[in-house]
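Text of the file start-v4.pdb, holding PDB, N, CA and C atoms, pLDDT in the B column:
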```pdb
ATOM      1  N   MET A   2      88.842  16.825  22.412  1.00 71.00           N
ATOM      2  CA  MET A   2      88.151  18.030  21.972  1.00 71.00           C
ATOM      3  C   MET A   2      89.033  19.262  22.167  1.00 71.00           C
ATOM      4  N   LEU A   3      89.619  19.388  23.357  1.00 73.00           N
ATOM      5  CA  LEU A   3      90.472  20.536  23.639  1.00 73.00           C
ATOM      6  C   LEU A   3      91.717  20.518  22.768  1.00 73.00           C
ATOM      7  N   GLY A   4      92.263  19.334  22.514  1.00 74.00           N
ATOM      8  CA  GLY A   4      93.453  19.220  21.674  1.00 74.00           C
ATOM      9  C   GLY A   4      93.201  19.673  20.249  1.00 74.00           C
ATOM     10  N   THR A   5      92.034  19.362  19.717  1.00 77.00           N
ATOM     11  CA  THR A   5      91.690  19.765  18.361  1.00 77.00           C
ATOM     12  C   THR A   5      91.557  21.282  18.262  1.00 77.00           C
ATOM     13  N   ILE A   6      90.884  21.872  19.230  1.00 78.00           N
ATOM     14  CA  ILE A   6      90.730  23.332  19.240  1.00 78.00           C
ATOM     15  C   ILE A   6      92.091  24.002  19.377  1.00 78.00           C
ATOM     16  N   LEU A   7      92.931  23.458  20.245  1.00 78.00           N
ATOM     17  CA  LEU A   7      94.267  24.009  20.446  1.00 78.00           C
ATOM     18  C   LEU A   7      95.105  23.913  19.177  1.00 78.00           C
ATOM     19  N   LEU A   8      94.998  22.810  18.476  1.00 77.00           N
ATOM     20  CA  LEU A   8      95.734  22.633  17.228  1.00 77.00           C
ATOM     21  C   LEU A   8      95.275  23.637  16.172  1.00 77.00           C
ATOM     22  N   ILE A   9      93.974  23.847  16.057  1.00 79.00           N
ATOM     23  CA  ILE A   9      93.443  24.808  15.086  1.00 79.00           C
ATOM     24  C   ILE A   9      93.917  26.222  15.419  1.00 79.00           C
ATOM     25  N   VAL A  10      93.884  26.584  16.690  1.00 79.00           N
ATOM     26  CA  VAL A  10      94.335  27.918  17.101  1.00 79.00           C
ATOM     27  C   VAL A  10      95.817  28.099  16.807  1.00 79.00           C
ATOM     28  N   LEU A  11      96.630  27.088  17.076  1.00 77.00           N
ATOM     29  CA  LEU A  11      98.065  27.198  16.804  1.00 77.00           C
ATOM     30  C   LEU A  11      98.359  27.344  15.316  1.00 77.00           C
ATOM     31  N   VAL A  12      97.633  26.614  14.491  1.00 78.00           N
ATOM     32  CA  VAL A  12      97.840  26.729  13.041  1.00 78.00           C
ATOM     33  C   VAL A  12      97.461  28.136  12.572  1.00 78.00           C
ATOM     34  N   LEU A  13      96.349  28.664  13.079  1.00 77.00           N
ATOM     35  CA  LEU A  13      95.952  30.017  12.700  1.00 77.00           C
ATOM     36  C   LEU A  13      96.972  31.056  13.163  1.00 77.00           C
ATOM     37  N   LEU A  14      97.537  30.864  14.354  1.00 76.00           N
ATOM     38  CA  LEU A  14      98.554  31.790  14.841  1.00 76.00           C
ATOM     39  C   LEU A  14      99.819  31.723  13.992  1.00 76.00           C
ATOM     40  N   LEU A  15     100.208  30.520  13.591  1.00 74.00           N
ATOM     41  CA  LEU A  15     101.398  30.386  12.753  1.00 74.00           C
ATOM     42  C   LEU A  15     101.211  31.050  11.399  1.00 74.00           C
ATOM     43  N   VAL A  16     100.042  30.891  10.806  1.00 72.00           N
ATOM     44  CA  VAL A  16      99.771  31.531   9.518  1.00 72.00           C
ATOM     45  C   VAL A  16      99.740  33.051   9.688  1.00 72.00           C
ATOM     46  N   GLY A  17      99.163  33.524  10.775  1.00 70.00           N
ATOM     47  CA  GLY A  17      99.088  34.957  11.015  1.00 70.00           C
ATOM     48  C   GLY A  17     100.425  35.591  11.337  1.00 70.00           C
ATOM     49  N   ALA A  18     101.384  34.805  11.816  1.00 68.00           N
ATOM     50  CA  ALA A  18     102.682  35.347  12.202  1.00 68.00           C
ATOM     51  C   ALA A  18     103.657  35.461  11.036  1.00 68.00           C
ATOM     52  N   LEU A  19     103.313  34.889   9.901  1.00 66.00           N
ATOM     53  CA  LEU A  19     104.203  34.977   8.746  1.00 66.00           C
ATOM     54  C   LEU A  19     104.233  36.412   8.219  1.00 66.00           C
ATOM     55  N   PRO A  20     105.414  36.960   8.027  1.00 63.00           N
ATOM     56  CA  PRO A  20     105.501  38.343   7.522  1.00 63.00           C
ATOM     57  C   PRO A  20     105.281  38.402   6.010  1.00 63.00           C
ATOM     58  N   ALA A  21     104.065  38.137   5.567  1.00 65.00           N
ATOM     59  CA  ALA A  21     103.767  38.071   4.134  1.00 65.00           C
ATOM     60  C   ALA A  21     103.214  39.378   3.584  1.00 65.00           C
ATOM     61  N   TRP A  22     102.860  40.299   4.448  1.00 65.00           N
ATOM     62  CA  TRP A  22     102.274  41.546   4.004  1.00 65.00           C
ATOM     63  C   TRP A  22     103.262  42.679   4.236  1.00 65.00           C
ATOM     64  N   PRO A  23     103.190  43.732   3.447  1.00 69.00           N
ATOM     65  CA  PRO A  23     104.163  44.828   3.578  1.00 69.00           C
ATOM     66  C   PRO A  23     104.183  45.483   4.962  1.00 69.00           C
ATOM     67  N   HIS A  24     103.036  45.600   5.596  1.00 68.00           N
ATOM     68  CA  HIS A  24     103.013  46.263   6.901  1.00 68.00           C
ATOM     69  C   HIS A  24     103.630  45.405   8.007  1.00 68.00           C
ATOM     70  N   SER A  25     103.750  44.089   7.782  1.00 65.00           N
ATOM     71  CA  SER A  25     104.305  43.222   8.818  1.00 65.00           C
ATOM     72  C   SER A  25     105.745  42.805   8.537  1.00 65.00           C
ATOM     73  N   ALA A  26     106.344  43.336   7.490  1.00 67.00           N
ATOM     74  CA  ALA A  26     107.707  42.934   7.142  1.00 67.00           C
ATOM     75  C   ALA A  26     108.726  43.424   8.169  1.00 67.00           C
ATOM     76  N   SER A  27     108.425  44.483   8.874  1.00 74.00           N
ATOM     77  CA  SER A  27     109.383  45.024   9.841  1.00 74.00           C
ATOM     78  C   SER A  27     109.202  44.452  11.244  1.00 74.00           C
ATOM     79  N   TRP A  28     108.291  43.510  11.417  1.00 72.00           N
ATOM     80  CA  TRP A  28     108.051  42.941  12.746  1.00 72.00           C
ATOM     81  C   TRP A  28     109.196  42.055  13.197  1.00 72.00           C
ATOM     82  N   GLY A  29     109.934  41.478  12.272  1.00 69.00           N
ATOM     83  CA  GLY A  29     111.046  40.614  12.630  1.00 69.00           C
ATOM     84  C   GLY A  29     110.570  39.275  13.163  1.00 69.00           C
ATOM     85  N   TYR A  30     111.259  38.776  14.191  1.00 68.00           N
ATOM     86  CA  TYR A  30     110.967  37.456  14.725  1.00 68.00           C
ATOM     87  C   TYR A  30     110.014  37.489  15.914  1.00 68.00           C
ATOM     88  N   TYR A  31     109.486  38.643  16.265  1.00 73.00           N
ATOM     89  CA  TYR A  31     108.644  38.734  17.460  1.00 73.00           C
ATOM     90  C   TYR A  31     107.392  37.862  17.402  1.00 73.00           C
ATOM     91  N   PRO A  32     106.583  37.899  16.343  1.00 71.00           N
ATOM     92  CA  PRO A  32     105.377  37.066  16.334  1.00 71.00           C
ATOM     93  C   PRO A  32     105.686  35.568  16.349  1.00 71.00           C
ATOM     94  N   SER A  33     106.616  35.141  15.510  1.00 69.00           N
ATOM     95  CA  SER A  33     106.916  33.709  15.460  1.00 69.00           C
ATOM     96  C   SER A  33     107.663  33.265  16.711  1.00 69.00           C
ATOM     97  N   GLY A  34     108.435  34.146  17.309  1.00 76.00           N
ATOM     98  CA  GLY A  34     109.110  33.796  18.565  1.00 76.00           C
ATOM     99  C   GLY A  34     108.124  33.616  19.705  1.00 76.00           C
ATOM    100  N   GLY A  35     107.124  34.478  19.762  1.00 77.00           N
ATOM    101  CA  GLY A  35     106.090  34.342  20.782  1.00 77.00           C
ATOM    102  C   GLY A  35     105.286  33.076  20.607  1.00 77.00           C
ATOM    103  N   ILE A  36     104.969  32.744  19.367  1.00 75.00           N
ATOM    104  CA  ILE A  36     104.230  31.512  19.097  1.00 75.00           C
ATOM    105  C   ILE A  36     105.100  30.303  19.430  1.00 75.00           C
ATOM    106  N   GLY A  37     106.390  30.400  19.165  1.00 77.00           N
ATOM    107  CA  GLY A  37     107.301  29.306  19.516  1.00 77.00           C
ATOM    108  C   GLY A  37     107.346  29.058  21.013  1.00 77.00           C
ATOM    109  N   ILE A  38     107.346  30.124  21.790  1.00 80.00           N
ATOM    110  CA  ILE A  38     107.343  29.978  23.250  1.00 80.00           C
ATOM    111  C   ILE A  38     106.051  29.315  23.709  1.00 80.00           C
ATOM    112  N   ILE A  39     104.920  29.754  23.158  1.00 81.00           N
ATOM    113  CA  ILE A  39     103.634  29.149  23.505  1.00 81.00           C
ATOM    114  C   ILE A  39     103.629  27.670  23.134  1.00 81.00           C
ATOM    115  N   LEU A  40     104.166  27.345  21.970  1.00 79.00           N
ATOM    116  CA  LEU A  40     104.218  25.957  21.520  1.00 79.00           C
ATOM    117  C   LEU A  40     105.083  25.104  22.441  1.00 79.00           C
ATOM    118  N   VAL A  41     106.211  25.626  22.890  1.00 82.00           N
ATOM    119  CA  VAL A  41     107.075  24.884  23.814  1.00 82.00           C
ATOM    120  C   VAL A  41     106.372  24.650  25.146  1.00 82.00           C
ATOM    121  N   VAL A  42     105.672  25.660  25.650  1.00 84.00           N
ATOM    122  CA  VAL A  42     104.956  25.502  26.919  1.00 84.00           C
ATOM    123  C   VAL A  42     103.867  24.445  26.791  1.00 84.00           C
ATOM    124  N   ILE A  43     103.121  24.470  25.692  1.00 82.00           N
ATOM    125  CA  ILE A  43     102.071  23.478  25.485  1.00 82.00           C
ATOM    126  C   ILE A  43     102.666  22.088  25.343  1.00 82.00           C
ATOM    127  N   LEU A  44     103.782  21.972  24.646  1.00 80.00           N
ATOM    128  CA  LEU A  44     104.438  20.678  24.486  1.00 80.00           C
ATOM    129  C   LEU A  44     104.893  20.120  25.828  1.00 80.00           C
ATOM    130  N   VAL A  45     105.457  20.956  26.676  1.00 84.00           N
ATOM    131  CA  VAL A  45     105.887  20.516  28.000  1.00 84.00           C
ATOM    132  C   VAL A  45     104.682  20.074  28.830  1.00 84.00           C
ATOM    133  N   LEU A  46     103.588  20.828  28.764  1.00 82.00           N
ATOM    134  CA  LEU A  46     102.386  20.447  29.510  1.00 82.00           C
ATOM    135  C   LEU A  46     101.813  19.107  29.017  1.00 82.00           C
ATOM    136  N   VAL A  47     101.853  18.891  27.714  1.00 80.00           N
ATOM    137  CA  VAL A  47     101.350  17.622  27.171  1.00 80.00           C
ATOM    138  C   VAL A  47     102.249  16.472  27.616  1.00 80.00           C
ATOM    139  N   LEU A  48     103.558  16.673  27.566  1.00 82.00           N
ATOM    140  CA  LEU A  48     104.482  15.611  27.966  1.00 82.00           C
ATOM    141  C   LEU A  48     104.397  15.288  29.457  1.00 82.00           C
ATOM    142  N   LEU A  49     104.086  16.285  30.263  1.00 85.00           N
ATOM    143  CA  LEU A  49     103.946  16.055  31.693  1.00 85.00           C
ATOM    144  C   LEU A  49     102.557  15.530  32.071  1.00 85.00           C
ATOM    145  N   GLY A  50     101.637  15.550  31.111  1.00 81.00           N
ATOM    146  CA  GLY A  50     100.303  15.019  31.350  1.00 81.00           C
ATOM    147  C   GLY A  50      99.348  15.985  32.009  1.00 81.00           C
ATOM    148  N   HIS A  51      99.654  17.257  32.005  1.00 76.00           N
ATOM    149  CA  HIS A  51      98.777  18.253  32.617  1.00 76.00           C
ATOM    150  C   HIS A  51      97.747  18.806  31.636  1.00 76.00           C
ATOM    151  N   LEU A  52      97.842  18.447  30.375  1.00 64.00           N
ATOM    152  CA  LEU A  52      96.925  18.981  29.392  1.00 64.00           C
ATOM    153  C   LEU A  52      96.364  17.866  28.557  1.00 64.00           C
TER
END
```

Spell out the structure here as structure tokens.
Amino acid sequence: MLGTILLIVLVLLLVGALPAWPHSASWGYYPSGGIGIILVVILVLVLLGHL
């Protein structure tokens, strides 16, 4: 159950981080870099069996 919710949230964050709108074109790599860090932390927790 938690894994499904986490997967849905990550997909929504990835879609939201895409610089597809004019106001977000100057954001650079900050949104996707932050999501990448979160994804790496979650992956490590899953591999270690803590999540």

**OP:** Have a look at atom C of Val16 of chain A and atom N of Leu49 of chain A and let me know their distance in Å, one decimal.
**Re:**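 Going from atom C of Val16 of chain A over to atom N of Leu49 of chain A, I get 26.9 Å.
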
Subject >> Long-range neighbours of Leu7 of chain A as an MDAnalysis selection string, 12 Å cut-off, only C-alpha atoms, 5 positions minimum in chain >> reply: chainID A and resid 2 12:14 39:40 43:44 47 52

Subject >> Pairwise distance for atom C of Pro32 of chain A and atom CA of Val45 of chain A, rounded to one decimal in Å >> reply: 19.0 Å

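We find atom CA of Gly17 of chain A and atom CA of His51 of chain A to be spaced 27.3 Å apart.
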
Around all of segment 37-43 of chain A's listed atoms, make the axis-aligned box with 3 Å on each side and tell me centre and edge lengths in Å to one decimal, as AutoDock Vina command-line options.
```
--center_x 104.7 --center_y 26.2 --center_z 23.0 --size_x 11.3 --size_y 14.3 --size_z 13.8
```
